[in-house]
>>> print(open('query.cif').read())   # mmCIF, C-alpha atoms
data_target
loop_
_atom_site.group_PDB
_atom_site.id
_atom_site.type_symbol
_atom_site.label_atom_id
_atom_site.label_comp_id
_atom_site.auth_asym_id
_atom_site.auth_seq_id
_atom_site.Cartn_x
_atom_site.Cartn_y
_atom_site.Cartn_z
ATOM 1 C CA MET A 326 4.466 -7.029 -47.304
ATOM 2 C CA GLY A 327 7.580 -5.442 -48.815
ATOM 3 C CA ALA A 328 9.346 -8.776 -49.251
ATOM 4 C CA GLY A 329 9.850 -8.465 -52.999
ATOM 5 C CA GLY A 330 7.794 -11.536 -53.837
ATOM 6 C CA LYS A 331 9.905 -13.871 -51.718
ATOM 7 C CA LEU A 332 6.996 -14.912 -49.527
ATOM 8 C CA ALA A 333 4.855 -15.916 -52.475
ATOM 9 C CA ALA A 334 7.668 -18.088 -53.773
ATOM 10 C CA MET A 335 8.272 -19.846 -50.474
ATOM 11 C CA LYS A 336 6.900 -23.347 -50.030
ATOM 12 C CA ARG A 337 4.127 -23.676 -47.441
ATOM 13 C CA ASP A 338 5.627 -26.760 -45.792
ATOM 14 C CA LEU A 339 8.877 -24.911 -45.132
ATOM 15 C CA ALA A 340 6.944 -22.163 -43.379
ATOM 16 C CA GLU A 341 5.036 -24.603 -41.173
ATOM 17 C CA VAL A 342 7.789 -27.004 -40.178
ATOM 18 C CA ARG A 343 9.826 -24.321 -38.379
ATOM 19 C CA TYR A 344 7.190 -23.824 -35.675
ATOM 20 C CA PRO A 345 6.846 -25.887 -32.514
ATOM 21 C CA ARG A 346 4.166 -28.500 -33.036
ATOM 22 C CA LYS A 347 1.330 -26.676 -31.261
ATOM 23 C CA ILE A 348 1.984 -23.490 -33.253
ATOM 24 C CA ARG A 349 2.311 -25.415 -36.509
ATOM 25 C CA GLU A 350 -1.056 -27.043 -35.931
ATOM 26 C CA LEU A 351 -2.587 -23.700 -34.999
ATOM 27 C CA ALA A 352 -1.313 -22.167 -38.242
ATOM 28 C CA LYS A 353 -3.003 -24.947 -40.213
ATOM 29 C CA MET A 354 -6.265 -24.292 -38.393
ATOM 30 C CA GLU A 355 -5.991 -20.559 -39.021
ATOM 31 C CA ALA A 356 -5.729 -21.332 -42.725
ATOM 32 C CA ARG A 357 -9.209 -22.912 -42.773
ATOM 33 C CA ALA A 358 -11.019 -20.855 -40.127
ATOM 34 C CA VAL A 359 -13.999 -18.789 -41.286
ATOM 35 C CA GLU A 360 -14.093 -16.645 -38.139
ATOM 36 C CA MET A 361 -11.431 -15.744 -35.598
ATOM 37 C CA GLY A 362 -11.489 -13.801 -32.331
ATOM 38 C CA LEU A 363 -8.021 -12.765 -31.116
ATOM 39 C CA TYR A 364 -6.834 -10.872 -28.043
ATOM 40 C CA SER A 365 -3.153 -9.933 -27.609
ATOM 41 C CA ASN A 366 -1.779 -8.407 -24.427
ATOM 42 C CA HIS A 367 1.994 -8.531 -24.873
ATOM 43 C CA ASN A 368 2.899 -7.911 -28.532
ATOM 44 C CA ILE A 369 1.071 -7.053 -31.734
ATOM 45 C CA HIS A 370 -0.616 -10.262 -32.893
ATOM 46 C CA GLY A 371 1.526 -12.224 -35.338
ATOM 47 C CA LEU A 372 -1.047 -11.971 -38.122
ATOM 48 C CA LEU A 373 -0.804 -8.175 -37.937
ATOM 49 C CA GLN A 374 2.957 -7.784 -37.623
ATOM 50 C CA THR A 375 5.106 -6.097 -40.239
ATOM 51 C CA PRO A 376 8.294 -7.972 -41.244
ATOM 52 C CA GLU A 377 10.430 -5.369 -39.445
ATOM 53 C CA TYR A 378 8.436 -5.645 -36.212
ATOM 54 C CA ALA A 379 8.504 -9.451 -36.298
ATOM 55 C CA ARG A 380 12.250 -9.487 -37.000
ATOM 56 C CA ALA A 381 12.888 -7.209 -34.033
ATOM 57 C CA LEU A 382 10.936 -9.585 -31.789
ATOM 58 C CA PHE A 383 12.861 -12.617 -32.978
ATOM 59 C CA GLU A 384 16.220 -10.870 -32.705
ATOM 60 C CA MET A 385 15.643 -9.949 -29.051
ATOM 61 C CA ARG A 386 14.836 -13.551 -28.100
ATOM 62 C CA ARG A 387 16.957 -15.130 -25.359
ATOM 63 C CA PRO A 388 18.602 -17.580 -25.760
ATOM 64 C CA ALA A 389 19.347 -15.886 -29.048
ATOM 65 C CA TYR A 390 18.339 -17.283 -32.414
ATOM 66 C CA SER A 391 21.055 -17.618 -35.033
ATOM 67 C CA GLU A 392 20.654 -15.412 -38.104
ATOM 68 C CA GLU A 393 19.472 -18.443 -40.062
ATOM 69 C CA GLU A 394 16.869 -19.245 -37.428
ATOM 70 C CA VAL A 395 15.643 -15.639 -37.454
ATOM 71 C CA GLU A 396 15.148 -15.818 -41.218
ATOM 72 C CA ARG A 397 13.285 -19.106 -40.977
ATOM 73 C CA VAL A 398 10.849 -18.120 -38.246
ATOM 74 C CA LEU A 399 10.324 -14.714 -39.854
ATOM 75 C CA ALA A 400 9.402 -16.331 -43.168
ATOM 76 C CA ALA A 401 7.070 -18.683 -41.330
ATOM 77 C CA ARG A 402 5.292 -15.865 -39.522
ATOM 78 C CA MET A 403 4.852 -13.851 -42.697
ATOM 79 C CA ALA A 404 3.525 -16.927 -44.515
ATOM 80 C CA ARG A 405 0.683 -17.155 -42.001
ATOM 81 C CA GLN A 406 -0.512 -13.779 -43.247
ATOM 82 C CA ARG A 407 -1.699 -15.430 -46.449
ATOM 83 C CA ILE A 408 -4.976 -15.540 -44.562
ATOM 84 C CA PHE A 409 -5.593 -11.974 -45.809
ATOM 85 C CA GLU A 410 -5.498 -13.245 -49.402
ATOM 86 C CA ARG A 411 -8.167 -15.919 -48.930
ATOM 87 C CA SER A 412 -11.431 -15.851 -50.857
ATOM 88 C CA PRO A 413 -13.988 -15.870 -49.404
ATOM 89 C CA ALA A 414 -12.306 -13.829 -46.716
ATOM 90 C CA PRO A 415 -12.617 -14.953 -43.082
ATOM 91 C CA THR A 416 -14.024 -12.625 -40.427
ATOM 92 C CA LEU A 417 -11.227 -11.540 -38.095
ATOM 93 C CA SER A 418 -11.653 -9.642 -34.836
ATOM 94 C CA PHE A 419 -8.496 -8.416 -33.076
ATOM 95 C CA VAL A 420 -8.229 -6.745 -29.677
ATOM 96 C CA GLN A 421 -4.843 -5.254 -28.846
ATOM 97 C CA GLU A 422 -3.799 -4.124 -25.393
ATOM 98 C CA GLU A 423 -2.849 -0.441 -25.465
ATOM 99 C CA VAL A 424 0.683 -1.135 -24.253
ATOM 100 C CA THR A 425 1.375 -3.220 -27.366
ATOM 101 C CA LEU A 426 0.777 -0.108 -29.463
ATOM 102 C CA ARG A 427 3.155 2.015 -27.418
ATOM 103 C CA ARG A 428 6.123 -0.300 -26.831
ATOM 104 C CA PRO A 429 8.747 0.688 -29.468
ATOM 105 C CA ILE A 430 9.753 -2.804 -30.563
ATOM 106 C CA GLY A 431 12.532 -2.323 -33.109
ATOM 107 C CA GLY A 432 12.641 1.430 -32.551
ATOM 108 C CA THR A 433 10.410 4.384 -33.320
ATOM 109 C CA LEU A 434 10.382 3.990 -37.114
ATOM 110 C CA VAL A 435 9.464 0.306 -36.890
ATOM 111 C CA LEU A 436 6.665 1.095 -34.459
ATOM 112 C CA ARG A 437 5.352 3.868 -36.703
ATOM 113 C CA ARG A 438 5.231 1.540 -39.701
ATOM 114 C CA GLN A 439 3.516 -1.077 -37.541
ATOM 115 C CA LEU A 440 0.829 1.402 -36.531
ATOM 116 C CA GLU A 441 0.363 2.333 -40.187
ATOM 117 C CA ARG A 442 -0.059 -1.354 -41.004
ATOM 118 C CA LEU A 443 -2.784 -1.654 -38.377
ATOM 119 C CA LEU A 444 -4.591 1.325 -39.878
ATOM 120 C CA GLU A 445 -4.376 -0.246 -43.347
ATOM 121 C CA ILE A 446 -5.685 -3.624 -42.229
ATOM 122 C CA GLY A 447 -8.362 -1.995 -40.103
ATOM 123 C CA GLN A 448 -9.955 -0.578 -43.256
ATOM 124 C CA LEU A 449 -10.757 -4.055 -44.611
ATOM 125 C CA ARG A 450 -14.454 -4.882 -44.299
ATOM 126 C CA ASN A 451 -13.856 -8.370 -42.884
ATOM 127 C CA ILE A 452 -11.502 -7.168 -40.144
ATOM 128 C CA GLU A 453 -12.095 -5.304 -36.896
ATOM 129 C CA ILE A 454 -9.273 -4.002 -34.733
ATOM 130 C CA GLN A 455 -10.036 -2.787 -31.218
ATOM 131 C CA VAL A 456 -7.861 -1.319 -28.503
ATOM 132 C CA MET A 457 -8.137 -2.286 -24.853
ATOM 133 C CA PRO A 458 -7.254 0.909 -22.933
ATOM 134 C CA THR A 459 -4.833 0.619 -20.036
ATOM 135 C CA SER A 460 -7.330 2.677 -18.024
ATOM 136 C CA CYS A 461 -9.981 -0.063 -18.276
ATOM 137 C CA GLU A 462 -10.705 -1.231 -14.721
ATOM 138 C CA ASP A 463 -12.928 -4.235 -15.553
ATOM 139 C CA HIS A 464 -10.886 -6.515 -17.799
ATOM 140 C CA ALA A 465 -11.825 -10.062 -18.825
ATOM 141 C CA GLY A 466 -8.436 -10.728 -20.431
ATOM 142 C CA MET A 467 -6.172 -10.684 -17.404
ATOM 143 C CA ASP A 468 -5.302 -14.371 -17.851
ATOM 144 C CA GLY A 469 -3.446 -13.570 -21.081
ATOM 145 C CA GLY A 470 -3.904 -13.855 -24.817
ATOM 146 C CA VAL A 471 -6.961 -15.616 -26.259
ATOM 147 C CA GLU A 472 -7.717 -17.100 -29.672
ATOM 148 C CA VAL A 473 -11.001 -18.635 -30.822
ATOM 149 C CA LEU A 474 -11.257 -20.114 -34.323
ATOM 150 C CA LYS A 475 -14.521 -21.221 -35.926
ATOM 151 C CA PHE A 476 -14.808 -23.477 -38.962
ATOM 152 C CA GLU A 477 -17.289 -23.922 -41.775
ATOM 153 C CA ASP A 478 -18.701 -27.135 -40.290
ATOM 154 C CA GLY A 479 -19.687 -25.337 -37.068
ATOM 155 C CA THR A 480 -16.833 -26.688 -34.954
ATOM 156 C CA ALA A 481 -14.406 -24.456 -33.082
ATOM 157 C CA VAL A 482 -11.032 -24.514 -31.383
ATOM 158 C CA GLY A 483 -9.714 -22.162 -28.734
ATOM 159 C CA ARG A 484 -6.433 -21.384 -27.057
ATOM 160 C CA SER A 485 -5.534 -19.119 -24.155
ATOM 161 C CA ASP A 486 -2.303 -18.444 -22.306
ATOM 162 C CA GLY A 487 -4.085 -18.712 -18.978
ATOM 163 C CA ALA A 488 -6.504 -21.593 -19.587
ATOM 164 C CA PHE A 489 -6.249 -25.301 -20.371
ATOM 165 C CA ALA A 490 -2.440 -25.222 -19.978
ATOM 166 C CA GLY A 491 -2.164 -23.021 -23.058
ATOM 167 C CA ARG A 492 -3.064 -25.900 -25.375
ATOM 168 C CA PRO A 493 -5.620 -25.756 -28.211
ATOM 169 C CA VAL A 494 -8.956 -27.153 -26.994
ATOM 170 C CA PHE A 495 -11.630 -28.776 -29.155
ATOM 171 C CA ASP A 496 -14.295 -30.038 -26.774
ATOM 172 C CA PRO A 497 -17.363 -27.828 -27.497
ATOM 173 C CA LYS A 498 -17.629 -26.592 -23.897
ATOM 174 C CA GLN A 499 -14.040 -25.350 -23.762
ATOM 175 C CA PRO A 500 -14.007 -23.132 -26.874
ATOM 176 C CA ARG A 501 -17.347 -21.695 -25.728
ATOM 177 C CA ILE A 502 -15.711 -20.570 -22.483
ATOM 178 C CA LEU A 503 -12.998 -18.796 -24.445
ATOM 179 C CA GLU A 504 -15.539 -17.401 -26.911
ATOM 180 C CA LEU A 505 -17.446 -15.881 -23.987
ATOM 181 C CA ARG A 506 -14.218 -14.363 -22.713
ATOM 182 C CA CYS A 507 -13.437 -12.943 -26.149
ATOM 183 C CA GLY A 508 -16.899 -11.406 -26.312
ATOM 184 C CA MET A 509 -16.447 -9.738 -22.945
ATOM 185 C CA ILE A 510 -13.042 -8.399 -23.966
ATOM 186 C CA ARG A 511 -14.493 -6.919 -27.158
ATOM 187 C CA ALA A 512 -17.301 -5.296 -25.176
ATOM 188 C CA GLN A 513 -14.825 -3.722 -22.747
ATOM 189 C CA ALA A 514 -12.445 -2.468 -25.465
ATOM 190 C CA LEU A 515 -12.870 0.705 -27.508
ATOM 191 C CA PRO A 516 -15.244 0.279 -30.498
ATOM 192 C CA PRO A 517 -13.509 -0.289 -33.865
ATOM 193 C CA GLY A 518 -13.951 3.294 -35.089
ATOM 194 C CA GLU A 519 -12.641 4.809 -31.868
ATOM 195 C CA SER A 520 -9.814 2.277 -31.860
ATOM 196 C CA LEU A 521 -8.602 3.288 -35.314
ATOM 197 C CA ALA A 522 -8.778 6.936 -34.267
ATOM 198 C CA PHE A 523 -6.721 6.059 -31.179
ATOM 199 C CA ILE A 524 -4.110 4.268 -33.319
ATOM 200 C CA GLU A 525 -4.022 7.259 -35.669
ATOM 201 C CA GLN A 526 -3.362 9.517 -32.697
ATOM 202 C CA LEU A 527 -0.530 7.287 -31.498
ATOM 203 C CA ARG A 528 0.997 7.301 -34.973
ATOM 204 C CA GLY A 529 0.988 11.084 -34.898
ATOM 205 C CA GLU A 530 2.801 11.015 -31.557
ATOM 206 C CA THR A 531 5.443 8.550 -32.746
#
>>> encode(input="query.cif", output="structure tokens")
Amino acid sequence: MGAGGKLAAMKRDLAEVRYPRKIRELAKMEARAVEMGLYSNHNIHGLLQTPEYARALFEMRRPAYSEEEVERVLAARMARQRIFERSPAPTLSFVQEEVTLRRPIGGTLVLRRQLERLLEIGQLRNIEIQVMPTSCEDHAGMDGGVEVLKFEDGTAVGRSDGAFAGRPVFDPKQPRILELRCGMIRAQALPPGESLAFIEQLRGET
């Protein structure tokens, strides 16, 4: 991640404690999920963000974070990306809204590196990245971001900005609703191969 080994040396509990409770609990669940479906409509999903992109997001927050707070939440976000080092690797399916790939968070160079990071991650066999085109007229994700996590024991948890007050839900019927929504979003988005080609094109334009 270009952090010079600092992330590997950081204690896990320090990374988790800096999040609000619902995000801290979600990070713990991400760490044991075997399958995840994720749709992001505002920013690049946190698990995919480069350190520079994430820093730019935190630095534009209002009310503003102090420099110390920026460092803490940045380290916490990067620590969540340990999920890519897990063995066996979980299956991860990301759908990104096109606008998130065009908005120059942090400036043009930061965006270009972020697009390159997406192309790198998209080559992993356990990961699919899809793009939801702005031109798509029929869109199942208009209520906001969606996350569905499945675990080895067959249970699942879901969270959506526009459903169940944005809280993680565990009752079997509720995650199934969000899983259905995720499936529809994936079906409406560009296929993975076309999505990577689209991201490559955007990188060339940046």
>>> closest_residue(input="query.cif", among="A:Met361, A:Met354, A:Val494, A:Ala481", to="Asn451 of chain A", atoms="all atoms listed in the file")
A:Met361
>>> closest_residue(input="query.cif", among="A:Thr416, A:Gln421, A:Asn366, A:Gln439", to="Ala381 of chain A", atoms="all atoms listed in the file")
A:Gln439
>>> atom_distance(input="query.cif", atom1="atom CA of Ala514 of chain A", atom2="atom CA of Met457 of chain A")
4.4 Å
>>> resolve_selection(input="query.cif", expression="the PyMOL selection byres ((chain A and resi 359) around 12)", output="ChimeraX atom specification")
/A:354-358,360-362,408-409,411-418,451-452,473-482
>>> write_last_selection(input="query.cif", atoms="C-alpha atoms", output="JSON list (two decimals), in the coordinates of the input")
[["chain", "number", "residue", "atom", "x", "y", "z"],
["A", 354, "MET", "CA", -6.26, -24.29, -38.39],
["A", 355, "GLU", "CA", -5.99, -20.56, -39.02],
["A", 356, "ALA", "CA", -5.73, -21.33, -42.72],
["A", 357, "ARG", "CA", -9.21, -22.91, -42.77],
["A", 358, "ALA", "CA", -11.02, -20.86, -40.13],
["A", 360, "GLU", "CA", -14.09, -16.64, -38.14],
["A", 361, "MET", "CA", -11.43, -15.74, -35.60],
["A", 362, "GLY", "CA", -11.49, -13.80, -32.33],
["A", 408, "ILE", "CA", -4.98, -15.54, -44.56],
["A", 409, "PHE", "CA", -5.59, -11.97, -45.81],
["A", 411, "ARG", "CA", -8.17, -15.92, -48.93],
["A", 412, "SER", "CA", -11.43, -15.85, -50.86],
["A", 413, "PRO", "CA", -13.99, -15.87, -49.40],
["A", 414, "ALA", "CA", -12.31, -13.83, -46.72],
["A", 415, "PRO", "CA", -12.62, -14.95, -43.08],
["A", 416, "THR", "CA", -14.02, -12.62, -40.43],
["A", 417, "LEU", "CA", -11.23, -11.54, -38.10],
["A", 418, "SER", "CA", -11.65, -9.64, -34.84],
["A", 451, "ASN", "CA", -13.86, -8.37, -42.88],
["A", 452, "ILE", "CA", -11.50, -7.17, -40.14],
["A", 473, "VAL", "CA", -11.00, -18.64, -30.82],
["A", 474, "LEU", "CA", -11.26, -20.11, -34.32],
["A", 475, "LYS", "CA", -14.52, -21.22, -35.93],
["A", 476, "PHE", "CA", -14.81, -23.48, -38.96],
["A", 477, "GLU", "CA", -17.29, -23.92, -41.78],
["A", 478, "ASP", "CA", -18.70, -27.14, -40.29],
["A", 479, "GLY", "CA", -19.69, -25.34, -37.07],
["A", 480, "THR", "CA", -16.83, -26.69, -34.95],
["A", 481, "ALA", "CA", -14.41, -24.46, -33.08],
["A", 482, "VAL", "CA", -11.03, -24.51, -31.38]]
>>> residues_around(input="query.cif", residues="Cys461 of chain A", least_positions_apart="5", cutoff="12 Å", atoms="all atoms listed in the file", output="list of chain:residue names")
A:Glu422, A:Glu423, A:Val456, A:Gly466, A:Met467, A:Ile510, A:Ala512, A:Gln513, A:Ala514, A:Leu515
>>> atom_distance(input="query.cif", atom1="atom CA of Ile430 of chain A", atom2="atom CA of Glu504 of chain A")
29.4 Å
>>> resolve_selection(input="query.cif", expression="the PyMOL selection byres ((chain A and resi 486) around 12)", output="VMD selection string")
chain A and resid 363 to 367 466 to 472 483 to 485 487 to 494 503
>>> residues_around(input="query.cif", residues="Leu440 of chain A", least_positions_apart="5", cutoff="9 Å", atoms="all atoms listed in the file", output="JSON list (two decimals) with C-alpha atoms, in the coordinates of the input")
[["chain", "number", "residue", "atom", "x", "y", "z"],
["A", 426, "LEU", "CA", 0.78, -0.11, -29.46],
["A", 435, "VAL", "CA", 9.46, 0.31, -36.89],
["A", 445, "GLU", "CA", -4.38, -0.25, -43.35],
["A", 524, "ILE", "CA", -4.11, 4.27, -33.32],
["A", 525, "GLU", "CA", -4.02, 7.26, -35.67],
["A", 527, "LEU", "CA", -0.53, 7.29, -31.50],
["A", 528, "ARG", "CA", 1.00, 7.30, -34.97]]
>>> residues_near_point(input="query.cif", point="(4.1, 1.9, -34.9)", cutoff="12 Å", atoms="all atoms listed in the file", output="PyMOL selection string")
chain A and resi 368-369+373-375+377-378+423-444+524-531
>>> atom_distance(input="query.cif", atom1="atom CA of Arg407 of chain A", atom2="atom CA of Ile446 of chain A")
13.2 Å
>>> closest_residue(input="query.cif", among="A:Arg349, A:Leu449, A:Glu392, A:Ile454", to="Ala404 of chain A", atoms="all atoms listed in the file")
A:Arg349
>>> closest_residue(input="query.cif", among="A:Leu382, A:Val420, A:Met403, A:Leu372", to="Ser520 of chain A", atoms="all atoms listed in the file")
A:Val420
>>> decode(input="query.cif", residues="segment 497-528 of chain A", atoms="C-alpha atoms", output="compact mmCIF listing (two decimals), in the first residue's frame")
# COMPACT_ATOMS: atom_id res chain seq x y z
CA PRO A 497 -32.47 -13.80 7.54
CA LYS A 498 -35.25 -12.01 5.64
CA GLN A 499 -33.54 -8.62 5.75
CA PRO A 500 -30.13 -9.57 4.32
CA ARG A 501 -31.95 -11.52 1.60
CA ILE A 502 -33.72 -8.32 0.54
CA LEU A 503 -30.38 -6.56 0.25
CA GLU A 504 -28.81 -9.57 -1.46
CA LEU A 505 -31.57 -9.43 -4.08
CA ARG A 506 -30.88 -5.74 -4.56
CA CYS A 507 -27.16 -6.39 -4.94
CA GLY A 508 -27.88 -9.05 -7.55
CA MET A 509 -30.04 -6.67 -9.55
CA ILE A 510 -27.38 -3.97 -9.37
CA ARG A 511 -24.73 -6.38 -10.64
CA ALA A 512 -27.00 -7.44 -13.50
CA GLN A 513 -27.58 -3.81 -14.51
CA ALA A 514 -23.90 -2.81 -14.30
CA LEU A 515 -21.27 -3.42 -16.98
CA PRO A 516 -19.78 -6.96 -16.87
CA PRO A 517 -16.40 -7.23 -15.10
CA GLY A 518 -14.34 -7.37 -18.30
CA GLU A 519 -16.09 -4.36 -19.83
CA SER A 520 -15.81 -2.55 -16.51
CA LEU A 521 -12.04 -2.95 -16.35
CA ALA A 522 -11.80 -1.75 -19.95
CA PHE A 523 -13.93 1.27 -19.00
CA ILE A 524 -11.65 2.04 -16.03
CA GLU A 525 -8.61 1.68 -18.29
CA GLN A 526 -10.16 4.18 -20.68
CA LEU A 527 -10.80 6.64 -17.86
CA ARG A 528 -7.21 6.27 -16.67
